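Shown next: work.pdb, containing PDB, C-alpha atoms.
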```
ATOM      1  CA  MET A   1      89.965  61.828  72.507  1.00  0.00           C
ATOM      2  CA  THR A   2      89.641  64.775  70.129  1.00  0.00           C
ATOM      3  CA  ALA A   3      88.713  68.297  71.163  1.00  0.00           C
ATOM      4  CA  PHE A   4      85.216  67.807  69.778  1.00  0.00           C
ATOM      5  CA  ASP A   5      84.725  64.465  71.562  1.00  0.00           C
ATOM      6  CA  THR A   6      85.467  66.338  74.773  1.00  0.00           C
ATOM      7  CA  VAL A   7      82.576  68.738  74.148  1.00  0.00           C
ATOM      8  CA  ALA A   8      80.227  65.841  73.434  1.00  0.00           C
ATOM      9  CA  GLU A   9      81.238  64.267  76.732  1.00  0.00           C
ATOM     10  CA  ILE A  10      80.684  67.549  78.567  1.00  0.00           C
ATOM     11  CA  LEU A  11      77.202  67.918  77.069  1.00  0.00           C
ATOM     12  CA  ASP A  12      76.363  64.318  77.942  1.00  0.00           C
ATOM     13  CA  LEU A  13      77.415  64.867  81.541  1.00  0.00           C
ATOM     14  CA  LEU A  14      75.435  68.106  81.694  1.00  0.00           C
ATOM     15  CA  GLU A  15      72.327  66.265  80.521  1.00  0.00           C
ATOM     16  CA  GLN A  16      72.823  63.522  83.102  1.00  0.00           C
ATOM     17  CA  GLU A  17      73.234  66.054  85.889  1.00  0.00           C
ATOM     18  CA  ARG A  18      70.448  68.442  84.862  1.00  0.00           C
ATOM     19  CA  GLY A  19      68.247  69.376  87.777  1.00  0.00           C
ATOM     20  CA  LYS A  20      70.697  68.367  90.492  1.00  0.00           C
ATOM     21  CA  PRO A  21      72.013  71.038  92.874  1.00  0.00           C
ATOM     22  CA  ALA A  22      75.493  72.311  92.076  1.00  0.00           C
ATOM     23  CA  SER A  23      76.852  70.803  95.292  1.00  0.00           C
ATOM     24  CA  ALA A  24      75.770  67.334  94.111  1.00  0.00           C
ATOM     25  CA  LYS A  25      77.328  67.531  90.669  1.00  0.00           C
ATOM     26  CA  PRO A  26      80.495  65.510  90.149  1.00  0.00           C
ATOM     27  CA  GLY A  27      83.879  67.184  90.158  1.00  0.00           C
ATOM     28  CA  ARG A  28      84.815  65.334  86.960  1.00  0.00           C
ATOM     29  CA  ARG A  29      82.089  67.120  85.009  1.00  0.00           C
ATOM     30  CA  GLN A  30      83.293  70.479  86.248  1.00  0.00           C
ATOM     31  CA  ARG A  31      86.903  69.628  85.437  1.00  0.00           C
ATOM     32  CA  LEU A  32      85.930  68.720  81.877  1.00  0.00           C
ATOM     33  CA  ALA A  33      83.825  71.847  81.486  1.00  0.00           C
ATOM     34  CA  SER A  34      86.586  74.038  82.885  1.00  0.00           C
ATOM     35  CA  ARG A  35      88.683  73.245  79.794  1.00  0.00           C
ATOM     36  CA  LEU A  36      86.432  75.679  77.956  1.00  0.00           C
ATOM     37  CA  LEU A  37      87.383  78.524  80.323  1.00  0.00           C
ATOM     38  CA  GLY A  38      90.284  79.966  78.377  1.00  0.00           C
ATOM     39  CA  VAL A  39      90.914  83.295  80.095  1.00  0.00           C
ATOM     40  CA  ASP A  40      94.436  83.611  81.447  1.00  0.00           C
ATOM     41  CA  VAL A  41      94.000  86.444  83.950  1.00  0.00           C
ATOM     42  CA  PRO A  42      97.070  88.721  84.329  1.00  0.00           C
ATOM     43  CA  ARG A  43      96.504  89.365  88.020  1.00  0.00           C
ATOM     44  CA  ALA A  44      99.412  91.792  88.414  1.00  0.00           C
ATOM     45  CA  GLU A  45      98.113  93.967  85.574  1.00  0.00           C
ATOM     46  CA  LEU A  46      94.580  93.879  86.942  1.00  0.00           C
ATOM     47  CA  ALA A  47      95.854  94.907  90.368  1.00  0.00           C
ATOM     48  CA  LYS A  48      97.540  97.950  88.816  1.00  0.00           C
ATOM     49  CA  TYR A  49      94.342  98.840  86.980  1.00  0.00           C
ATOM     50  CA  ALA A  50      92.201  98.410  90.104  1.00  0.00           C
ATOM     51  CA  ALA A  51      94.516 100.744  92.023  1.00  0.00           C
ATOM     52  CA  ARG A  52      93.917 103.642  89.634  1.00  0.00           C
ATOM     53  CA  PRO A  53      91.636 106.392  90.969  1.00  0.00           C
ATOM     54  CA  ARG A  54      88.170 106.240  89.471  1.00  0.00           C
ATOM     55  CA  VAL A  55      85.479 108.858  89.211  1.00  0.00           C
ATOM     56  CA  ALA A  56      81.899 107.650  89.289  1.00  0.00           C
ATOM     57  CA  THR A  57      80.207 108.543  86.034  1.00  0.00           C
ATOM     58  CA  SER A  58      76.587 108.769  85.040  1.00  0.00           C
ATOM     59  CA  ILE A  59      75.893 109.147  81.336  1.00  0.00           C
ATOM     60  CA  ARG A  60      72.537 110.614  80.441  1.00  0.00           C
ATOM     61  CA  ASN A  61      70.214 109.723  77.598  1.00  0.00           C
ATOM     62  CA  LEU A  62      71.376 106.137  77.165  1.00  0.00           C
ATOM     63  CA  PRO A  63      68.657 103.837  75.803  1.00  0.00           C
ATOM     64  CA  ALA A  64      67.056 101.398  78.241  1.00  0.00           C
ATOM     65  CA  SER A  65      68.194  98.546  76.012  1.00  0.00           C
ATOM     66  CA  ILE A  66      70.275  97.789  72.947  1.00  0.00           C
ATOM     67  CA  ASP A  67      70.697  94.557  71.022  1.00  0.00           C
ATOM     68  CA  TRP A  68      72.973  94.551  67.981  1.00  0.00           C
ATOM     69  CA  ARG A  69      71.117  91.549  66.563  1.00  0.00           C
ATOM     70  CA  ASP A  70      68.428  94.057  65.605  1.00  0.00           C
ATOM     71  CA  VAL A  71      69.417  97.703  65.249  1.00  0.00           C
ATOM     72  CA  GLY A  72      67.375  99.569  62.684  1.00  0.00           C
ATOM     73  CA  GLY A  73      66.148  96.232  61.379  1.00  0.00           C
ATOM     74  CA  ARG A  74      69.673  94.937  60.732  1.00  0.00           C
ATOM     75  CA  ASN A  75      71.630  92.177  62.436  1.00  0.00           C
ATOM     76  CA  HIS A  76      75.290  92.946  63.144  1.00  0.00           C
ATOM     77  CA  VAL A  77      76.099  89.780  65.108  1.00  0.00           C
ATOM     78  CA  SER A  78      77.608  86.804  63.309  1.00  0.00           C
ATOM     79  CA  PRO A  79      76.246  83.284  63.951  1.00  0.00           C
ATOM     80  CA  VAL A  80      77.215  81.474  67.152  1.00  0.00           C
ATOM     81  CA  LYS A  81      80.238  79.188  66.737  1.00  0.00           C
ATOM     82  CA  ASP A  82      81.560  76.274  68.792  1.00  0.00           C
ATOM     83  CA  GLN A  83      85.044  76.484  70.315  1.00  0.00           C
ATOM     84  CA  GLY A  84      84.997  72.737  70.967  1.00  0.00           C
ATOM     85  CA  GLY A  85      86.842  71.377  73.986  1.00  0.00           C
ATOM     86  CA  CYS A  86      89.601  73.948  73.569  1.00  0.00           C
ATOM     87  CA  GLY A  87      90.205  76.960  75.802  1.00  0.00           C
ATOM     88  CA  SER A  88      90.031  79.357  72.857  1.00  0.00           C
ATOM     89  CA  CYS A  89      87.116  81.502  74.057  1.00  0.00           C
ATOM     90  CA  VAL A  90      89.239  84.671  73.992  1.00  0.00           C
ATOM     91  CA  SER A  91      89.975  84.268  70.282  1.00  0.00           C
ATOM     92  CA  PHE A  92      86.320  83.488  69.568  1.00  0.00           C
ATOM     93  CA  CYS A  93      85.262  86.641  71.414  1.00  0.00           C
ATOM     94  CA  VAL A  94      87.842  88.862  69.713  1.00  0.00           C
ATOM     95  CA  CYS A  95      86.923  87.530  66.264  1.00  0.00           C
ATOM     96  CA  ALA A  96      83.201  87.932  66.983  1.00  0.00           C
ATOM     97  CA  THR A  97      83.732  91.538  68.050  1.00  0.00           C
ATOM     98  CA  ILE A  98      85.761  92.280  64.911  1.00  0.00           C
ATOM     99  CA  GLU A  99      83.023  90.667  62.796  1.00  0.00           C
ATOM    100  CA  SER A 100      80.389  92.895  64.409  1.00  0.00           C
ATOM    101  CA  THR A 101      82.552  95.984  63.943  1.00  0.00           C
ATOM    102  CA  VAL A 102      82.972  95.200  60.239  1.00  0.00           C
ATOM    103  CA  SER A 103      79.228  94.657  59.869  1.00  0.00           C
ATOM    104  CA  ILE A 104      78.372  97.979  61.529  1.00  0.00           C
ATOM    105  CA  ALA A 105      80.863  99.790  59.273  1.00  0.00           C
ATOM    106  CA  THR A 106      80.037  98.051  55.988  1.00  0.00           C
ATOM    107  CA  GLY A 107      76.719  96.243  56.394  1.00  0.00           C
ATOM    108  CA  GLU A 108      78.424  92.922  55.617  1.00  0.00           C
ATOM    109  CA  ILE A 109      78.516  89.943  57.989  1.00  0.00           C
ATOM    110  CA  VAL A 110      81.988  88.415  57.679  1.00  0.00           C
ATOM    111  CA  ASP A 111      83.451  85.204  59.097  1.00  0.00           C
ATOM    112  CA  ILE A 112      87.075  85.350  60.250  1.00  0.00           C
ATOM    113  CA  SER A 113      89.454  82.641  61.423  1.00  0.00           C
ATOM    114  CA  GLU A 114      89.626  81.969  65.154  1.00  0.00           C
ATOM    115  CA  ALA A 115      92.144  79.221  64.385  1.00  0.00           C
ATOM    116  CA  ASP A 116      94.548  81.680  62.772  1.00  0.00           C
ATOM    117  CA  LEU A 117      94.326  84.078  65.719  1.00  0.00           C
ATOM    118  CA  HIS A 118      94.641  81.420  68.407  1.00  0.00           C
ATOM    119  CA  PHE A 119      97.087  78.928  66.886  1.00  0.00           C
ATOM    120  CA  CYS A 120      99.226  80.966  64.460  1.00  0.00           C
ATOM    121  CA  SER A 121      99.915  84.085  66.516  1.00  0.00           C
ATOM    122  CA  ALA A 122     102.199  84.742  69.473  1.00  0.00           C
ATOM    123  CA  HIS A 123      99.762  82.656  71.532  1.00  0.00           C
ATOM    124  CA  GLY A 124     101.075  79.476  69.911  1.00  0.00           C
ATOM    125  CA  ALA A 125      99.418  76.267  68.741  1.00  0.00           C
ATOM    126  CA  GLY A 126      97.803  75.144  71.978  1.00  0.00           C
ATOM    127  CA  CYS A 127      94.483  75.195  73.816  1.00  0.00           C
ATOM    128  CA  ASN A 128      95.747  77.104  76.831  1.00  0.00           C
ATOM    129  CA  GLY A 129      94.166  80.404  77.796  1.00  0.00           C
ATOM    130  CA  TRP A 130      94.790  84.002  76.766  1.00  0.00           C
ATOM    131  CA  TRP A 131      93.875  87.548  77.730  1.00  0.00           C
ATOM    132  CA  PRO A 132      91.633  89.683  75.435  1.00  0.00           C
ATOM    133  CA  ALA A 133      93.981  92.682  75.326  1.00  0.00           C
ATOM    134  CA  ASP A 134      96.843  90.435  74.206  1.00  0.00           C
ATOM    135  CA  ALA A 135      94.667  88.749  71.581  1.00  0.00           C
ATOM    136  CA  LEU A 136      93.504  92.117  70.258  1.00  0.00           C
ATOM    137  CA  SER A 137      97.109  93.317  70.113  1.00  0.00           C
ATOM    138  CA  GLU A 138      97.973  90.283  67.989  1.00  0.00           C
ATOM    139  CA  ALA A 139      94.977  90.934  65.725  1.00  0.00           C
ATOM    140  CA  GLN A 140      96.192  94.521  65.297  1.00  0.00           C
ATOM    141  CA  ARG A 141      99.778  93.425  64.640  1.00  0.00           C
ATOM    142  CA  ARG A 142      99.149  90.684  62.084  1.00  0.00           C
ATOM    143  CA  GLY A 143      95.480  90.872  61.093  1.00  0.00           C
ATOM    144  CA  VAL A 144      93.065  87.937  60.944  1.00  0.00           C
ATOM    145  CA  PRO A 145      92.106  86.258  57.637  1.00  0.00           C
ATOM    146  CA  ASP A 146      88.681  84.967  56.704  1.00  0.00           C
ATOM    147  CA  GLU A 147      87.556  81.586  58.029  1.00  0.00           C
ATOM    148  CA  ALA A 148      87.699  79.900  54.623  1.00  0.00           C
ATOM    149  CA  LEU A 149      91.502  80.166  54.600  1.00  0.00           C
ATOM    150  CA  PHE A 150      91.854  78.282  57.890  1.00  0.00           C
ATOM    151  CA  PRO A 151      88.616  76.702  59.201  1.00  0.00           C
ATOM    152  CA  TYR A 152      88.635  76.064  62.935  1.00  0.00           C
ATOM    153  CA  ALA A 153      87.810  72.346  62.724  1.00  0.00           C
ATOM    154  CA  SER A 154      90.723  71.748  60.345  1.00  0.00           C
ATOM    155  CA  ALA A 155      93.230  72.911  62.971  1.00  0.00           C
ATOM    156  CA  PHE A 156      92.864  69.683  64.980  1.00  0.00           C
ATOM    157  CA  GLY A 157      94.714  66.502  64.102  1.00  0.00           C
ATOM    158  CA  ALA A 158      93.651  62.915  64.688  1.00  0.00           C
ATOM    159  CA  ASP A 159      94.876  63.093  68.287  1.00  0.00           C
ATOM    160  CA  GLY A 160      92.943  66.298  68.956  1.00  0.00           C
ATOM    161  CA  SER A 161      96.040  68.510  69.082  1.00  0.00           C
ATOM    162  CA  PRO A 162      95.817  71.857  67.252  1.00  0.00           C
ATOM    163  CA  SER A 163      98.370  73.175  64.783  1.00  0.00           C
ATOM    164  CA  CYS A 164      98.875  76.276  62.656  1.00  0.00           C
ATOM    165  CA  ARG A 165      98.444  76.430  58.894  1.00  0.00           C
ATOM    166  CA  LEU A 166      99.274  79.632  57.003  1.00  0.00           C
ATOM    167  CA  ASP A 167      97.638  79.980  53.602  1.00  0.00           C
ATOM    168  CA  PRO A 168      99.789  81.647  50.896  1.00  0.00           C
ATOM    169  CA  HIS A 169      96.918  84.074  50.184  1.00  0.00           C
ATOM    170  CA  ARG A 170      96.600  85.121  53.828  1.00  0.00           C
ATOM    171  CA  ASP A 171      98.068  88.617  53.515  1.00  0.00           C
ATOM    172  CA  SER A 172      95.538  89.639  50.874  1.00  0.00           C
ATOM    173  CA  ARG A 173      92.504  88.575  52.925  1.00  0.00           C
ATOM    174  CA  LEU A 174      93.033  90.176  56.320  1.00  0.00           C
ATOM    175  CA  PHE A 175      90.745  92.032  58.703  1.00  0.00           C
ATOM    176  CA  THR A 176      92.797  94.272  60.981  1.00  0.00           C
ATOM    177  CA  PRO A 177      91.414  96.232  63.958  1.00  0.00           C
ATOM    178  CA  THR A 178      92.975  99.649  64.466  1.00  0.00           C
ATOM    179  CA  GLY A 179      92.771 100.002  68.241  1.00  0.00           C
ATOM    180  CA  GLN A 180      91.359  98.864  71.555  1.00  0.00           C
ATOM    181  CA  LYS A 181      90.055 100.496  74.713  1.00  0.00           C
ATOM    182  CA  VAL A 182      89.462  99.314  78.278  1.00  0.00           C
ATOM    183  CA  LEU A 183      85.988 100.295  79.481  1.00  0.00           C
ATOM    184  CA  GLY A 184      86.395 100.661  83.219  1.00  0.00           C
ATOM    185  CA  THR A 185      82.878 101.511  84.401  1.00  0.00           C
ATOM    186  CA  MET A 186      79.401 100.202  83.708  1.00  0.00           C
ATOM    187  CA  ALA A 187      78.395 103.581  82.287  1.00  0.00           C
ATOM    188  CA  GLU A 188      81.296 103.504  79.810  1.00  0.00           C
ATOM    189  CA  ARG A 189      80.415  99.971  78.750  1.00  0.00           C
ATOM    190  CA  LYS A 190      76.767 100.846  78.194  1.00  0.00           C
ATOM    191  CA  GLN A 191      77.672 104.008  76.290  1.00  0.00           C
ATOM    192  CA  TRP A 192      79.989 102.054  73.982  1.00  0.00           C
ATOM    193  CA  LEU A 193      77.333  99.411  73.394  1.00  0.00           C
ATOM    194  CA  ALA A 194      74.667 102.020  72.720  1.00  0.00           C
ATOM    195  CA  THR A 195      76.744 104.154  70.361  1.00  0.00           C
ATOM    196  CA  ARG A 196      79.586 102.056  68.924  1.00  0.00           C
ATOM    197  CA  GLY A 197      78.834  98.336  68.973  1.00  0.00           C
ATOM    198  CA  PRO A 198      79.531  95.030  70.766  1.00  0.00           C
ATOM    199  CA  VAL A 199      82.449  94.548  73.143  1.00  0.00           C
ATOM    200  CA  CYS A 200      84.618  91.685  74.361  1.00  0.00           C
ATOM    201  CA  ALA A 201      84.122  90.844  78.047  1.00  0.00           C
ATOM    202  CA  VAL A 202      85.414  88.464  80.709  1.00  0.00           C
ATOM    203  CA  PHE A 203      83.195  87.063  83.442  1.00  0.00           C
ATOM    204  CA  GLN A 204      83.671  84.720  86.370  1.00  0.00           C
ATOM    205  CA  VAL A 205      82.049  81.318  85.890  1.00  0.00           C
ATOM    206  CA  TYR A 206      80.430  79.521  88.820  1.00  0.00           C
ATOM    207  CA  ASP A 207      79.393  75.880  89.057  1.00  0.00           C
ATOM    208  CA  ASP A 208      75.711  76.608  88.465  1.00  0.00           C
ATOM    209  CA  PHE A 209      76.464  78.179  85.073  1.00  0.00           C
ATOM    210  CA  TRP A 210      77.040  74.739  83.526  1.00  0.00           C
ATOM    211  CA  GLY A 211      73.349  73.925  83.890  1.00  0.00           C
ATOM    212  CA  TYR A 212      72.226  77.118  82.144  1.00  0.00           C
ATOM    213  CA  THR A 213      70.470  76.958  78.768  1.00  0.00           C
ATOM    214  CA  SER A 214      69.142  79.769  76.589  1.00  0.00           C
ATOM    215  CA  ASP A 215      65.537  78.903  77.462  1.00  0.00           C
ATOM    216  CA  THR A 216      66.268  79.334  81.186  1.00  0.00           C
ATOM    217  CA  GLY A 217      66.052  83.112  80.942  1.00  0.00           C
ATOM    218  CA  VAL A 218      68.551  85.503  82.497  1.00  0.00           C
ATOM    219  CA  TYR A 219      71.399  83.676  84.216  1.00  0.00           C
ATOM    220  CA  ARG A 220      72.055  84.758  87.790  1.00  0.00           C
ATOM    221  CA  HIS A 221      74.571  83.065  90.050  1.00  0.00           C
ATOM    222  CA  THR A 222      72.884  81.453  93.048  1.00  0.00           C
ATOM    223  CA  GLN A 223      75.148  78.643  94.232  1.00  0.00           C
ATOM    224  CA  GLY A 224      78.431  76.831  93.729  1.00  0.00           C
ATOM    225  CA  GLY A 225      82.047  77.876  93.678  1.00  0.00           C
ATOM    226  CA  SER A 226      84.099  79.601  91.007  1.00  0.00           C
ATOM    227  CA  GLY A 227      85.427  77.475  88.173  1.00  0.00           C
ATOM    228  CA  GLY A 228      87.445  80.108  86.315  1.00  0.00           C
ATOM    229  CA  TYR A 229      86.934  82.878  83.772  1.00  0.00           C
ATOM    230  CA  HIS A 230      85.278  82.881  80.363  1.00  0.00           C
ATOM    231  CA  CYS A 231      85.296  85.379  77.495  1.00  0.00           C
ATOM    232  CA  VAL A 232      82.166  86.305  75.513  1.00  0.00           C
ATOM    233  CA  GLU A 233      81.017  88.986  73.106  1.00  0.00           C
ATOM    234  CA  ILE A 234      78.546  91.374  74.729  1.00  0.00           C
ATOM    235  CA  VAL A 235      76.060  92.375  72.026  1.00  0.00           C
ATOM    236  CA  GLY A 236      73.708  94.471  74.156  1.00  0.00           C
ATOM    237  CA  TYR A 237      72.072  95.131  77.500  1.00  0.00           C
ATOM    238  CA  ASN A 238      68.571  95.428  78.947  1.00  0.00           C
ATOM    239  CA  ASP A 239      67.893  97.655  81.943  1.00  0.00           C
ATOM    240  CA  SER A 240      64.489  96.184  82.772  1.00  0.00           C
ATOM    241  CA  ASP A 241      65.959  92.675  82.991  1.00  0.00           C
ATOM    242  CA  ARG A 242      69.165  94.046  84.553  1.00  0.00           C
ATOM    243  CA  CYS A 243      71.309  91.979  82.228  1.00  0.00           C
ATOM    244  CA  TRP A 244      73.968  91.976  79.554  1.00  0.00           C
ATOM    245  CA  ILE A 245      73.181  90.133  76.318  1.00  0.00           C
ATOM    246  CA  ALA A 246      76.040  87.819  75.377  1.00  0.00           C
ATOM    247  CA  LYS A 247      77.064  85.695  72.425  1.00  0.00           C
ATOM    248  CA  ASN A 248      78.765  82.595  73.809  1.00  0.00           C
ATOM    249  CA  SER A 249      80.997  80.041  72.082  1.00  0.00           C
TER     250      SER A 249
END
```
Could you show the structure in this file as structure tokens?
Amino acid sequence: MTAFDTVAEILDLLEQERGKPASAKPGRRQRLASRLLGVDVPRAELAKYAARPRVATSIRNLPASIDWRDVGGRNHVSPVKDQGGCGSCVSFCVCATIESTVSIATGEIVDISEADLHFCSAHGAGCNGWWPADALSEAQRRGVPDEALFPYASAFGADGSPSCRLDPHRDSRLFTPTGQKVLGTMAERKQWLATRGPVCAVFQVYDDFWGYTSDTGVYRHTQGGSGGYHCVEIVGYNDSDRCWIAKNS
């Protein structure tokens, strides 16, 4: 079974189970779907961060909504991509955020290689999870080339296992972020989104999320247990709908 066959099987199971309550959905479907949840949470580091003293902040004059798919009539969000049945969501999110940052700075929508970041870096050639700060550190250390040098689909062999391929022209076609910042409060996140651009975010996935589709409206957790953590690019927010706007993979 290849990585992409796995996604097809997940989608087929989702279609079969559509409309059933989360408690009635089979564990096998959730186990398959959980392969997509590629966030490796460093619990010790998060505990240290949570223990830091925080001061409640309220930032004035933030817009009621922002959506980087249309700011001043321009789209700064690259097209949605498919991570397949591989837990590479962190690399997809980091690359998407870099792509948006480049677009905001230059006006050009670029397409960079998730395969290079996920399979050729310190992460290693595997579909196990990662943490966004570590992925961003690798992107800063070695840069990320454009997608054409190492397309994501080409990383997978006949048995579905990923591998790394380094193009000889890689070093001349890199996009390299210069820094990263942890946004610890909702106000800080909204201010960054309103004034700087999209961000990379981790959220907890519950069983009822697997039945969500874009035409459902705003997703809100109502039932089911936690299946793990997923990483997405947040491209905006909307106060009236009380939601973040996310680009998924």
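Taking atom CA of A:Pro42 as the reference point, atom CA of A:Ala96 is found at 22.2 Å.
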- Mind giving me the straight-line distance from atom CA of A:Tyr152 to atom CA of A:Gln83 in Å, one decimal? 8.2 Å
Cut-off 8 Å: closest stretch 64-164 of chain A/stretch 197-216 of chain A atom pairs per residue, using only C-alpha atoms, as JSON lines:
```
{"residue": "A:Trp68", "atom": "CA", "partner": "A:Gly197", "partner_atom": "CA", "distance": 7.0}
{"residue": "A:Cys93", "atom": "CA", "partner": "A:Cys200", "partner_atom": "CA", "distance": 5.9}
{"residue": "A:Val94", "atom": "CA", "partner": "A:Cys200", "partner_atom": "CA", "distance": 6.3}
{"residue": "A:Thr97", "atom": "CA", "partner": "A:Val199", "partner_atom": "CA", "distance": 6.1}
{"residue": "A:Ser100", "atom": "CA", "partner": "A:Pro198", "partner_atom": "CA", "distance": 6.8}
{"residue": "A:Thr101", "atom": "CA", "partner": "A:Gly197", "partner_atom": "CA", "distance": 6.7}
{"residue": "A:Ile104", "atom": "CA", "partner": "A:Gly197", "partner_atom": "CA", "distance": 7.5}
{"residue": "A:Pro132", "atom": "CA", "partner": "A:Cys200", "partner_atom": "CA", "distance": 7.4}
```
- Message: Could you tell me, as a list in words, exactly which residues end up selected when the PyMOL selection byres ((chain A and resi 223) around 7) is applied to this structure?
- Response: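 Applying the expression gives Ala22, Asp208, His221, Thr222, Gly224 and Gly225 of chain A.
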- Item | Atomic distance atom CA of A:Ala64 - atom CA of A:Arg242, expressed in Å with one decimal |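 So the two atoms, atom CA of A:Ala64 and atom CA of A:Arg242, lie 9.9 Å apart.
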- Counting all atoms listed in the file, what is within 10 Å of stretch 188-195 of chain A, bar same-chain residues fewer than 3 positions away, as a ChimeraX atom specification? /A:57-68,182-185,198-199,201,234-238,244
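Taking only C-alpha atoms into account, A:Gly87 lies nearest to A:Gly129 out of the set A:Gly179, A:Gly129, A:Gly143, A:Pro162.
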- Explicit residues for the PyMOL selection byres ((chain A and resi 122-125) around 7) (as number ranges by chain): A: 118-121, 126, 162-164
Take the residues from that selection and put them in a file with C-alpha atoms, as an mmCIF file, keeping the file's coordinate frame.
```cif
data_model
loop_
_atom_site.group_PDB
_atom_site.id
_atom_site.type_symbol
_atom_site.label_atom_id
_atom_site.label_comp_id
_atom_site.auth_asym_id
_atom_site.auth_seq_id
_atom_site.Cartn_x
_atom_site.Cartn_y
_atom_site.Cartn_z
ATOM 1 C CA HIS A 118 94.641 81.420 68.407
ATOM 2 C CA PHE A 119 97.087 78.928 66.886
ATOM 3 C CA CYS A 120 99.226 80.966 64.460
ATOM 4 C CA SER A 121 99.915 84.085 66.516
ATOM 5 C CA GLY A 126 97.803 75.144 71.978
ATOM 6 C CA PRO A 162 95.817 71.857 67.252
ATOM 7 C CA SER A 163 98.370 73.175 64.783
ATOM 8 C CA CYS A 164 98.875 76.276 62.656
#
```
- Residue nearest A:Arg142 - candidates A:Pro177, A:Ser161, A:Ala155, A:Ser88, atoms counted: all atoms listed in the file: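 Using all atoms listed in the file, A:Arg142 sits closest to A:Pro177.
Proximity of A:Asp241, A:Ala115, A:Ser249, A:Val41 to A:Asp134, computed with only C-alpha atoms, is greatest for A:Val41.
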- Of the listed residues A:Arg74, A:Arg165, A:Arg220, A:Arg173, that which approaches A:Asp111 most closely, counting all atoms listed in the file: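 Distance minimum relative to A:Asp111 lands on A:Arg173.
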